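K.L.:
model31.txt is reproduced below (compact mmCIF, N, CA and C atoms).
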```txt
# COMPACT_ATOMS: atom_id res chain seq x y z
N MET A 1 122.20 87.32 101.62
CA MET A 1 121.58 87.59 102.90
C MET A 1 120.26 88.33 102.72
N LYS A 2 120.26 89.39 101.88
CA LYS A 2 119.03 90.15 101.64
C LYS A 2 117.97 89.25 101.01
N CYS A 3 118.39 88.40 100.10
CA CYS A 3 117.46 87.50 99.42
C CYS A 3 116.83 86.54 100.43
N GLY A 4 117.64 86.03 101.35
CA GLY A 4 117.15 85.13 102.39
C GLY A 4 116.16 85.81 103.31
N LEU A 5 116.44 87.05 103.68
CA LEU A 5 115.52 87.79 104.54
C LEU A 5 114.22 88.08 103.83
N LEU A 6 114.30 88.42 102.54
CA LEU A 6 113.10 88.68 101.76
C LEU A 6 112.25 87.41 101.67
N SER A 7 112.89 86.29 101.43
CA SER A 7 112.17 85.01 101.35
C SER A 7 111.50 84.68 102.68
N LEU A 8 112.21 84.90 103.77
CA LEU A 8 111.65 84.66 105.10
C LEU A 8 110.44 85.56 105.33
N PHE A 9 110.57 86.84 104.97
CA PHE A 9 109.47 87.78 105.15
C PHE A 9 108.24 87.34 104.36
N LEU A 10 108.44 86.93 103.10
CA LEU A 10 107.32 86.50 102.27
C LEU A 10 106.66 85.24 102.83
N CYS A 11 107.45 84.32 103.33
CA CYS A 11 106.90 83.11 103.95
C CYS A 11 106.06 83.46 105.17
N LEU A 12 106.59 84.34 106.01
CA LEU A 12 105.84 84.76 107.20
C LEU A 12 104.56 85.48 106.82
N LEU A 13 104.62 86.27 105.77
CA LEU A 13 103.44 86.98 105.30
C LEU A 13 102.37 85.99 104.85
N LEU A 14 102.77 84.99 104.08
CA LEU A 14 101.82 83.98 103.62
C LEU A 14 101.27 83.17 104.78
N LEU A 15 102.12 82.80 105.73
CA LEU A 15 101.66 82.06 106.90
C LEU A 15 100.70 82.90 107.72
N GLY A 16 100.99 84.17 107.85
CA GLY A 16 100.10 85.08 108.56
C GLY A 16 98.75 85.17 107.88
N GLY A 17 98.76 85.18 106.55
CA GLY A 17 97.51 85.21 105.79
C GLY A 17 96.71 83.94 105.99
N LYS A 18 97.38 82.79 106.03
CA LYS A 18 96.68 81.54 106.25
C LYS A 18 96.09 81.50 107.65
N ALA A 19 96.79 82.06 108.62
CA ALA A 19 96.31 82.05 109.99
C ALA A 19 95.07 82.93 110.13
N GLN A 20 94.88 83.90 109.23
CA GLN A 20 93.76 84.82 109.31
C GLN A 20 92.69 84.50 108.28
N MET A 21 92.73 83.31 107.72
CA MET A 21 91.75 82.96 106.70
C MET A 21 90.35 83.01 107.28
N PRO A 22 89.39 83.35 106.46
CA PRO A 22 88.01 83.43 106.95
C PRO A 22 87.47 82.04 107.32
N ASP A 23 86.35 82.03 108.00
CA ASP A 23 85.75 80.76 108.38
C ASP A 23 85.19 80.03 107.15
N GLU A 24 84.79 78.79 107.35
CA GLU A 24 84.34 77.93 106.24
C GLU A 24 83.16 78.52 105.45
N PRO A 25 82.14 79.08 106.10
CA PRO A 25 81.04 79.67 105.30
C PRO A 25 81.52 80.81 104.40
N ALA A 26 82.44 81.64 104.89
CA ALA A 26 82.95 82.74 104.07
C ALA A 26 83.75 82.20 102.89
N LEU A 27 84.52 81.14 103.11
CA LEU A 27 85.25 80.50 102.00
C LEU A 27 84.28 79.97 100.95
N LYS A 28 83.27 79.28 101.40
CA LYS A 28 82.28 78.71 100.48
C LYS A 28 81.57 79.82 99.70
N GLU A 29 81.26 80.93 100.38
CA GLU A 29 80.59 82.05 99.72
C GLU A 29 81.47 82.63 98.62
N PHE A 30 82.76 82.84 98.91
CA PHE A 30 83.63 83.39 97.89
C PHE A 30 83.84 82.39 96.75
N GLU A 31 83.98 81.11 97.07
CA GLU A 31 84.15 80.12 96.02
C GLU A 31 82.93 80.07 95.10
N ALA A 32 81.73 80.21 95.66
CA ALA A 32 80.51 80.24 94.83
C ALA A 32 80.51 81.49 93.95
N PHE A 33 80.91 82.62 94.51
CA PHE A 33 81.02 83.86 93.73
C PHE A 33 82.03 83.68 92.59
N TRP A 34 83.20 83.12 92.91
CA TRP A 34 84.24 82.92 91.90
C TRP A 34 83.73 82.03 90.77
N LYS A 35 82.99 80.99 91.11
CA LYS A 35 82.47 80.07 90.10
C LYS A 35 81.55 80.80 89.11
N LYS A 36 80.67 81.68 89.63
CA LYS A 36 79.77 82.45 88.76
C LYS A 36 80.55 83.43 87.89
N LEU A 37 81.49 84.14 88.51
CA LEU A 37 82.30 85.10 87.76
C LEU A 37 83.14 84.37 86.70
N TYR A 38 83.79 83.29 87.09
CA TYR A 38 84.61 82.50 86.19
C TYR A 38 83.80 82.05 84.96
N THR A 39 82.60 81.52 85.21
CA THR A 39 81.75 81.04 84.12
C THR A 39 81.40 82.18 83.16
N ALA A 40 81.08 83.34 83.70
CA ALA A 40 80.75 84.49 82.85
C ALA A 40 81.97 84.93 82.04
N ILE A 41 83.15 84.92 82.65
CA ILE A 41 84.37 85.31 81.93
C ILE A 41 84.66 84.33 80.80
N ILE A 42 84.58 83.05 81.09
CA ILE A 42 84.90 82.03 80.08
C ILE A 42 83.92 82.10 78.91
N LYS A 43 82.67 82.41 79.20
CA LYS A 43 81.67 82.55 78.13
C LYS A 43 81.78 83.89 77.42
N LYS A 44 82.64 84.77 77.95
CA LYS A 44 82.78 86.14 77.45
C LYS A 44 81.42 86.85 77.45
N ASP A 45 80.67 86.60 78.51
CA ASP A 45 79.38 87.23 78.73
C ASP A 45 79.63 88.49 79.57
N TYR A 46 79.99 89.58 78.89
CA TYR A 46 80.40 90.79 79.58
C TYR A 46 79.27 91.43 80.37
N SER A 47 78.05 91.22 79.95
CA SER A 47 76.91 91.72 80.70
C SER A 47 76.84 91.02 82.07
N ALA A 48 77.04 89.72 82.08
CA ALA A 48 77.04 88.97 83.34
C ALA A 48 78.26 89.35 84.19
N VAL A 49 79.42 89.48 83.57
CA VAL A 49 80.63 89.88 84.31
C VAL A 49 80.40 91.23 84.97
N SER A 50 79.74 92.14 84.27
CA SER A 50 79.49 93.48 84.80
C SER A 50 78.70 93.47 86.10
N GLN A 51 77.88 92.44 86.29
CA GLN A 51 77.10 92.33 87.52
C GLN A 51 77.99 92.14 88.75
N TYR A 52 79.20 91.68 88.54
CA TYR A 52 80.11 91.38 89.64
C TYR A 52 81.18 92.46 89.82
N ILE A 53 80.94 93.63 89.24
CA ILE A 53 81.92 94.72 89.28
C ILE A 53 81.32 95.93 89.97
N GLU A 54 82.12 96.57 90.79
CA GLU A 54 81.74 97.85 91.38
C GLU A 54 82.29 98.93 90.45
N PHE A 55 81.38 99.58 89.73
CA PHE A 55 81.78 100.62 88.79
C PHE A 55 81.80 101.97 89.48
N PRO A 56 82.70 102.85 89.08
CA PRO A 56 83.70 102.63 88.04
C PRO A 56 84.80 101.69 88.53
N LEU A 57 85.28 100.87 87.63
CA LEU A 57 86.35 99.93 87.92
C LEU A 57 87.68 100.67 87.84
N VAL A 58 88.52 100.46 88.84
CA VAL A 58 89.84 101.09 88.86
C VAL A 58 90.84 100.12 88.24
N VAL A 59 91.60 100.60 87.26
CA VAL A 59 92.54 99.76 86.52
C VAL A 59 93.93 100.38 86.59
N LYS A 60 94.89 99.58 87.00
CA LYS A 60 96.29 100.00 87.02
C LYS A 60 96.97 99.39 85.80
N GLU A 61 97.47 100.26 84.94
CA GLU A 61 98.10 99.81 83.70
C GLU A 61 99.58 99.49 83.85
N ASN A 62 100.25 100.23 84.72
CA ASN A 62 101.70 100.16 84.77
C ASN A 62 102.15 100.07 86.22
N LEU A 63 102.95 99.08 86.53
CA LEU A 63 103.44 98.91 87.90
C LEU A 63 104.52 99.92 88.25
N ALA A 64 105.05 100.62 87.26
CA ALA A 64 106.15 101.56 87.50
C ALA A 64 105.68 102.90 88.06
N ASP A 65 104.39 103.20 87.97
CA ASP A 65 103.92 104.47 88.52
C ASP A 65 102.61 104.26 89.27
N THR A 66 102.06 105.32 89.80
CA THR A 66 100.86 105.21 90.62
C THR A 66 99.58 105.59 89.89
N SER A 67 99.67 105.90 88.63
CA SER A 67 98.48 106.32 87.89
C SER A 67 97.53 105.14 87.67
N VAL A 68 96.25 105.46 87.61
CA VAL A 68 95.22 104.46 87.35
C VAL A 68 94.26 105.01 86.30
N GLN A 69 93.52 104.12 85.70
CA GLN A 69 92.48 104.48 84.74
C GLN A 69 91.14 104.09 85.36
N ILE A 70 90.11 104.78 84.99
CA ILE A 70 88.77 104.50 85.47
C ILE A 70 87.95 103.96 84.30
N ILE A 71 87.34 102.79 84.49
CA ILE A 71 86.52 102.17 83.45
C ILE A 71 85.06 102.22 83.91
N HIS A 72 84.23 102.86 83.11
CA HIS A 72 82.81 102.94 83.41
C HIS A 72 82.07 101.77 82.78
N LYS A 73 80.90 101.50 83.26
CA LYS A 73 80.13 100.34 82.81
C LYS A 73 79.95 100.30 81.29
N GLU A 74 79.68 101.44 80.69
CA GLU A 74 79.42 101.45 79.24
C GLU A 74 80.65 101.16 78.39
N GLU A 75 81.83 101.30 78.93
CA GLU A 75 83.05 100.99 78.18
C GLU A 75 83.70 99.69 78.62
N PHE A 76 83.06 98.98 79.56
CA PHE A 76 83.66 97.78 80.11
C PHE A 76 83.84 96.67 79.08
N SER A 77 82.83 96.40 78.27
CA SER A 77 82.94 95.29 77.30
C SER A 77 84.13 95.46 76.38
N LYS A 78 84.31 96.65 75.84
CA LYS A 78 85.45 96.90 74.96
C LYS A 78 86.76 96.72 75.71
N PHE A 79 86.84 97.31 76.90
CA PHE A 79 88.04 97.19 77.71
C PHE A 79 88.35 95.73 78.03
N PHE A 80 87.36 94.99 78.51
CA PHE A 80 87.62 93.63 78.99
C PHE A 80 87.97 92.68 77.85
N ASN A 81 87.40 92.89 76.71
CA ASN A 81 87.75 92.08 75.54
C ASN A 81 89.23 92.25 75.20
N ILE A 82 89.70 93.48 75.24
CA ILE A 82 91.11 93.75 74.96
C ILE A 82 91.99 93.23 76.10
N TYR A 83 91.53 93.40 77.34
CA TYR A 83 92.28 92.89 78.51
C TYR A 83 92.50 91.38 78.37
N LEU A 84 91.47 90.63 78.01
CA LEU A 84 91.59 89.18 77.90
C LEU A 84 92.59 88.76 76.82
N ALA A 85 92.82 89.61 75.82
CA ALA A 85 93.76 89.31 74.75
C ALA A 85 95.20 89.68 75.09
N LEU A 86 95.41 90.35 76.23
CA LEU A 86 96.77 90.75 76.59
C LEU A 86 97.68 89.54 76.79
N PRO A 87 98.93 89.63 76.36
CA PRO A 87 99.86 88.52 76.56
C PRO A 87 100.23 88.39 78.04
N THR A 88 100.63 87.20 78.42
CA THR A 88 101.07 86.95 79.79
C THR A 88 102.54 86.58 79.79
N ALA A 89 103.16 86.71 80.95
CA ALA A 89 104.56 86.33 81.08
C ALA A 89 104.68 84.85 81.44
N GLU A 90 103.55 84.20 81.60
CA GLU A 90 103.54 82.79 81.98
C GLU A 90 103.45 81.91 80.74
N THR A 91 103.09 80.66 80.94
CA THR A 91 103.03 79.71 79.84
C THR A 91 101.77 79.83 78.99
N PHE A 92 100.90 80.77 79.35
CA PHE A 92 99.66 80.96 78.61
C PHE A 92 99.84 82.11 77.62
N PRO A 93 99.23 82.01 76.45
CA PRO A 93 99.44 83.05 75.44
C PRO A 93 98.76 84.39 75.76
N ASN A 94 97.68 84.33 76.57
CA ASN A 94 96.97 85.57 76.89
C ASN A 94 96.23 85.44 78.22
N LYS A 95 95.65 86.54 78.69
CA LYS A 95 94.96 86.56 79.99
C LYS A 95 93.73 85.64 79.97
N TYR A 96 93.07 85.53 78.85
CA TYR A 96 91.91 84.65 78.76
C TYR A 96 92.30 83.20 79.06
N GLU A 97 93.35 82.71 78.41
CA GLU A 97 93.79 81.34 78.63
C GLU A 97 94.29 81.15 80.07
N LEU A 98 94.93 82.15 80.62
CA LEU A 98 95.37 82.09 82.01
C LEU A 98 94.17 81.95 82.95
N LEU A 99 93.14 82.74 82.70
CA LEU A 99 91.93 82.64 83.53
C LEU A 99 91.22 81.31 83.34
N ARG A 100 91.20 80.79 82.13
CA ARG A 100 90.58 79.46 81.90
C ARG A 100 91.21 78.40 82.79
N ALA A 101 92.51 78.55 83.04
CA ALA A 101 93.23 77.57 83.86
C ALA A 101 92.98 77.76 85.36
N ARG A 102 92.28 78.82 85.75
CA ARG A 102 92.05 79.12 87.18
C ARG A 102 90.63 78.78 87.61
N LYS A 103 90.09 77.72 87.07
CA LYS A 103 88.72 77.34 87.39
C LYS A 103 88.53 77.16 88.89
N SER A 104 89.46 76.48 89.51
CA SER A 104 89.40 76.26 90.95
C SER A 104 90.43 77.15 91.64
N LEU A 105 90.06 77.64 92.80
CA LEU A 105 90.98 78.47 93.57
C LEU A 105 92.02 77.60 94.24
N THR A 106 93.25 78.08 94.25
CA THR A 106 94.35 77.35 94.87
C THR A 106 94.51 77.77 96.33
N ASP A 107 95.36 77.06 97.05
CA ASP A 107 95.67 77.44 98.43
C ASP A 107 96.30 78.83 98.47
N ASP A 108 97.11 79.16 97.47
CA ASP A 108 97.71 80.50 97.41
C ASP A 108 96.64 81.57 97.24
N ASP A 109 95.62 81.28 96.42
CA ASP A 109 94.51 82.22 96.26
C ASP A 109 93.78 82.41 97.59
N LEU A 110 93.51 81.30 98.25
CA LEU A 110 92.77 81.37 99.50
C LEU A 110 93.56 82.03 100.61
N ALA A 111 94.89 82.03 100.49
CA ALA A 111 95.73 82.71 101.48
C ALA A 111 95.53 84.22 101.42
N LEU A 112 95.06 84.72 100.29
CA LEU A 112 94.85 86.15 100.11
C LEU A 112 93.36 86.52 100.20
N LEU A 113 92.62 85.70 100.93
CA LEU A 113 91.19 85.89 101.11
C LEU A 113 90.90 86.18 102.57
N SER A 114 90.12 87.22 102.81
CA SER A 114 89.66 87.50 104.16
C SER A 114 88.13 87.56 104.12
N ASP A 115 87.52 87.94 105.23
CA ASP A 115 86.06 88.00 105.25
C ASP A 115 85.48 89.04 104.30
N ASP A 116 86.27 90.08 103.96
CA ASP A 116 85.71 91.15 103.13
C ASP A 116 86.62 91.61 101.99
N SER A 117 87.70 90.89 101.72
CA SER A 117 88.55 91.24 100.58
C SER A 117 89.28 89.99 100.09
N ALA A 118 89.67 90.05 98.82
CA ALA A 118 90.39 88.93 98.21
C ALA A 118 91.20 89.43 97.03
N THR A 119 92.31 88.76 96.77
CA THR A 119 93.12 89.02 95.59
C THR A 119 93.32 87.70 94.87
N ILE A 120 92.89 87.66 93.63
CA ILE A 120 93.04 86.47 92.79
C ILE A 120 93.68 86.93 91.49
N GLY A 121 94.95 86.60 91.30
CA GLY A 121 95.65 87.02 90.09
C GLY A 121 95.66 88.53 89.96
N ASP A 122 95.16 89.04 88.84
CA ASP A 122 95.10 90.48 88.57
C ASP A 122 93.92 91.18 89.24
N PHE A 123 93.05 90.41 89.88
CA PHE A 123 91.79 90.95 90.39
C PHE A 123 91.84 91.18 91.89
N GLU A 124 91.29 92.32 92.31
CA GLU A 124 91.08 92.58 93.73
C GLU A 124 89.59 92.76 93.96
N PHE A 125 89.09 92.06 94.96
CA PHE A 125 87.68 92.05 95.27
C PHE A 125 87.44 92.61 96.67
N GLN A 126 86.25 93.16 96.86
CA GLN A 126 85.81 93.59 98.17
C GLN A 126 84.35 93.20 98.32
N LYS A 127 83.98 93.00 99.55
CA LYS A 127 82.58 92.75 99.84
C LYS A 127 81.92 94.11 100.05
N ILE A 128 80.95 94.43 99.21
CA ILE A 128 80.26 95.71 99.26
C ILE A 128 78.77 95.44 99.44
N ASP A 129 78.21 95.98 100.51
CA ASP A 129 76.80 95.76 100.84
C ASP A 129 76.45 94.27 100.83
N GLY A 130 77.37 93.46 101.37
CA GLY A 130 77.12 92.02 101.49
C GLY A 130 77.38 91.21 100.23
N GLU A 131 77.81 91.85 99.16
CA GLU A 131 78.05 91.17 97.88
C GLU A 131 79.51 91.33 97.48
N TRP A 132 80.10 90.25 96.94
CA TRP A 132 81.47 90.34 96.43
C TRP A 132 81.46 91.10 95.12
N LYS A 133 82.43 92.01 94.96
CA LYS A 133 82.55 92.80 93.75
C LYS A 133 84.02 92.95 93.36
N LEU A 134 84.28 92.95 92.07
CA LEU A 134 85.60 93.28 91.55
C LEU A 134 85.73 94.79 91.63
N VAL A 135 86.79 95.27 92.31
CA VAL A 135 86.95 96.72 92.49
C VAL A 135 88.23 97.26 91.87
N TYR A 136 89.21 96.38 91.58
CA TYR A 136 90.51 96.85 91.11
C TYR A 136 91.09 95.78 90.20
N LEU A 137 91.73 96.22 89.14
CA LEU A 137 92.30 95.29 88.17
C LEU A 137 93.68 95.76 87.77
N TYR A 138 94.64 94.84 87.76
CA TYR A 138 95.98 95.13 87.28
C TYR A 138 96.03 94.71 85.82
N ALA A 139 96.01 95.67 84.92
CA ALA A 139 96.05 95.39 83.48
C ALA A 139 97.40 95.81 82.93
N THR A 140 98.44 95.30 83.52
CA THR A 140 99.78 95.68 83.05
C THR A 140 99.98 95.20 81.63
N ASP A 141 100.78 95.94 80.89
CA ASP A 141 101.04 95.71 79.48
C ASP A 141 99.87 96.09 78.58
N ALA A 142 98.86 96.73 79.18
CA ALA A 142 97.71 97.13 78.38
C ALA A 142 98.03 98.39 77.58
N PRO A 143 97.70 98.41 76.31
CA PRO A 143 97.92 99.63 75.54
C PRO A 143 96.96 100.72 76.02
N SER A 144 97.47 101.90 76.24
CA SER A 144 96.66 103.00 76.75
C SER A 144 95.51 103.37 75.84
N ALA A 145 95.61 103.03 74.60
CA ALA A 145 94.56 103.41 73.65
C ALA A 145 93.22 102.73 73.96
N ILE A 146 93.22 101.68 74.75
CA ILE A 146 91.97 100.99 75.02
C ILE A 146 91.13 101.68 76.07
N PHE A 147 91.69 102.64 76.76
CA PHE A 147 90.96 103.25 77.87
C PHE A 147 90.30 104.50 77.45
```
Any chance you could put this one into structure tokens?
P.N.:
Amino acid sequence: MKCGLLSLFLCLLLLGGKAQMPDEPALKEFEAFWKKLYTAIIKKDYSAVSQYIEFPLVVKENLADTSVQIIHKEEFSKFFNIYLALPTAETFPNKYELLRARKSLTDDDLALLSDDSATIGDFEFQKIDGEWKLVYLYATDAPSAIF
């Protein structure tokens, strides 16, 4: 019974998100942003990726507690290189390969998109001064030594 109610709640939440999706120009704007960010990530061009981040970047290492780490621009390349090598619980060996497979946004991704915020996988974005920026990252399973 609890499982059924939880499933119903999650379905309603997703349907509610779809009902509140941004208009077509906002979708196109975020998709264009994602394409640029995606290309920079795949090329491992950390300087270009940094342009799409609101520093300091907030990183959550562990879902079991509320602590976060702060990543400053000068330490981002080292951090992100290690982040991309982290193993995944999915069929991909690491976060880099998982991201390579996310070239196009799915309907589930777009369900978590509004006019000024979005969640795509481990990334949370916000529109800041009219520009999309990565503001929060879930780096679970990350060794603390990288921060």
K.L.:
Do you know which residues are at most 12 Å from stretch 32-45 of chain A counting only C-alpha atoms, after dropping those on the same chain fewer than 3 positions away, and could you put them as a ChimeraX atom specification?
P.N.:
/A:25-29,48-53,76-78,80-85,95-106,109-110,113,118-120,123-127,130-134
K.L.:
Just give me the gap between atom CA of A:Lys73 and atom CA of A:Tyr46 in Å, one decimal is fine.
P.N.:
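Between these atoms lies a distance of 10.1 Å.
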K.L.:
Kindly give the distance, in Å, that separates atom CA of A:Glu74 and atom CA of A:Ser117, rounded to a single decimal.
P.N.:
25.4 Å
K.L.:
Figure out the distance between atom CA of A:Asp65 and atom CA of A:Thr91, please, to one decimal in Å.
P.N.:
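Atom-to-atom, atom CA of A:Thr91 to atom CA of A:Asp65, that is 26.3 Å.
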K.L.:
Using DSSP on the backbone coordinates, identify the residues of stretch 8-112 of chain A assigned to helix (DSSP H, G or I); present them as a ChimeraX atom specification.
P.N.:
/A:8-19,24-42,46-50,73-85,95-100,107-111
